[in-house]
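Visitor: If you scroll down you'll find the structure; I have some questions about it.
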Amino acid sequence: MDKPQQGYWCECWTQDVTEETRPVLRASFDAYSAPQADRWVAVALRTISPALDPDASQEAWEWLYDGRIATRKALLRAEPSAVTLTQSRTRITWTIRPVLFLPLANRQPVELPPCADGFKPHRHG
């Protein structure tokens, strides 16, 4: 890449909703298309959904079925988008923003966000 390239900067943030703490950046990802950007969020949501409580799991699947379409349309219009859900005391937010990548920026290959490993399956019953 020797010229600036349009893309999307994706981040995963968490915040304890019971304390007045600042959000913590858990992962970031550079995507070069709208489908790649929303797929990053979709993979994370599908990965953690079995560990979420019923309300948070429902929020995740609502975005996967309906919200993802709106996110993709916003990204194609070069508008930022965010997906947020709350699990117990933790608010998790994925953000996607249109950006212009400069040639000197170099990132690691695609991988799941570290926050995907921080959840344990929720036992119902």
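Every chain in the structure tokens takes a letter, A first, then B, and so on in the order presented; its residues are numbered from 1, and the ligands are numbered from 1 following the presented order.
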Would you pick out the contacts of Leu45 of chain A at 10 Å or less, using only C-alpha atoms, so that residues sharing its chain but fewer than 5 positions from it are not included, and give the list as a list in words?
Guide: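 That gives Arg39, Trp40, Pro50, Leu52, Ser57, Glu59, Ala60, Trp61, Trp63, Leu64, Val83, Leu85, Trp94 and Ala116 of chain A.
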Visitor: Could you give me, as a PyMOL selection string, each residue of segment 39-108 of chain A that DSSP assigns to strand (DSSP E or B) when run on this structure's backbone?
Guide: chain A and resi 81-87+90-101
Visitor: Apply DSSP to the structure's backbone, then extract all residues of chain A labelled alpha helix (DSSP H) and return them as a PyMOL selection string.
Guide: chain A and resi 34-48+54-62+68-76
Visitor: Between A:Ala51, A:Val24, A:Ala37, A:Ala44, single out the one closest to Gln87 of chain A, counting only C-alpha atoms.
Guide: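 That would be A:Ala51, the residue with the smallest distance to Gln87 of chain A.
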Visitor: Just the residues within 10 Å of Lys3 of chain A, please, counting only C-alpha atoms, with nothing from its chain fewer than 6 positions along; format it as a PyMOL selection string.
Guide: chain A and resi 100-104
Visitor: Figure out the distance between atom CA of Val43 of chain A and atom CA of Thr86 of chain A, please, to one decimal in Å.
Guide: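 One can read the atom CA of Thr86 of chain A to atom CA of Val43 of chain A distance as 17.4 Å.
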Visitor: Which one of A:Thr47, A:Thr90, A:Gln5, A:Thr84 sits closest to Arg22 of chain A if you count only C-alpha atoms?
Guide: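 For Arg22 of chain A, the nearest of the candidates is A:Thr90.
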Visitor: For atom CA of Ile96 of chain A and atom CA of Pro23 of chain A, determine how far apart the two atoms are, in Å to one decimal place.
Guide: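 Between atom CA of Ile96 of chain A and atom CA of Pro23 of chain A the gap works out to 16.0 Å.
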Visitor: Which residue out of A:Asp38, A:Glu11, A:Asp66, A:Asp53 has the minimum interatomic distance to Arg26 of chain A when only C-alpha atoms are used?
Guide: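 Smallest separation from Arg26 of chain A among the options: A:Glu11.
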Visitor: List the neighbours of Pro98 of chain A out to 9 Å using only C-alpha atoms; skip same-chain residues closer than 2 positions along the sequence, and give me the result as an MDAnalysis selection string.
Guide: chainID A and resid 6:10 34 75 78:80 96 100
Visitor: What's the separation between atom CA of Pro35 of chain A and atom CA of Lys73 of chain A, in Å to one decimal place?
Guide: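 Taking atom CA of Pro35 of chain A and atom CA of Lys73 of chain A, their separation equals 10.1 Å.
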Visitor: Compile the contact shell of Leu25 of chain A as a ChimeraX atom specification: residues with an atom at most 8 Å away, counting only C-alpha atoms, same-chain residues fewer than 2 positions apart removed.
Guide: /A:11-14,23,27-28
Visitor: For Arg89 of chain A, work out the shell of residues within 8 Å, counting only C-alpha atoms and skipping chain neighbours fewer than 5 positions away, then give it as a list of chain:residue names.
Guide: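 Those residues are A:Asp16, A:Val17, A:Thr18.
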Visitor: Take the residues from that selection and write them out as a PDB file, in the first residue's frame, keeping all heavy atoms.
Guide:
```
ATOM      1  N   ASP A  16     -17.309  -0.810  33.163  1.00  0.00           N
ATOM      2  CA  ASP A  16     -18.103  -1.248  34.313  1.00  0.00           C
ATOM      3  C   ASP A  16     -19.184  -0.192  34.534  1.00  0.00           C
ATOM      4  O   ASP A  16     -18.876   0.966  34.810  1.00  0.00           O
ATOM      5  CB  ASP A  16     -17.215  -1.378  35.555  1.00  0.00           C
ATOM      6  CG  ASP A  16     -17.944  -1.969  36.738  1.00  0.00           C
ATOM      7  OD1 ASP A  16     -19.159  -1.690  36.906  1.00  0.00           O
ATOM      8  OD2 ASP A  16     -17.311  -2.700  37.510  1.00  0.00           O
ATOM      9  N   VAL A  17     -20.453  -0.584  34.419  1.00  0.00           N
ATOM     10  CA  VAL A  17     -21.543   0.383  34.512  1.00  0.00           C
ATOM     11  C   VAL A  17     -21.885   0.750  35.949  1.00  0.00           C
ATOM     12  O   VAL A  17     -22.641   1.692  36.172  1.00  0.00           O
ATOM     13  CB  VAL A  17     -22.815  -0.109  33.778  1.00  0.00           C
ATOM     14  CG1 VAL A  17     -22.554  -0.227  32.283  1.00  0.00           C
ATOM     15  CG2 VAL A  17     -23.320  -1.411  34.346  1.00  0.00           C
ATOM     16  N   THR A  18     -21.345   0.020  36.931  1.00  0.00           N
ATOM     17  CA  THR A  18     -21.656   0.325  38.331  1.00  0.00           C
ATOM     18  C   THR A  18     -20.659   1.308  38.944  1.00  0.00           C
ATOM     19  O   THR A  18     -20.885   1.807  40.039  1.00  0.00           O
ATOM     20  CB  THR A  18     -21.674  -0.960  39.185  1.00  0.00           C
ATOM     21  OG1 THR A  18     -20.379  -1.563  39.158  1.00  0.00           O
ATOM     22  CG2 THR A  18     -22.733  -1.923  38.676  1.00  0.00           C
TER      23      THR A  18
END
```
Visitor: Between A:Gln15, A:Phe29, A:Gly67, A:Ala42, which one has atoms that come closest to Ser88 of chain A, using only C-alpha atoms?
Guide: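 Using only C-alpha atoms, the shortest distance to Ser88 of chain A belongs to A:Gln15.
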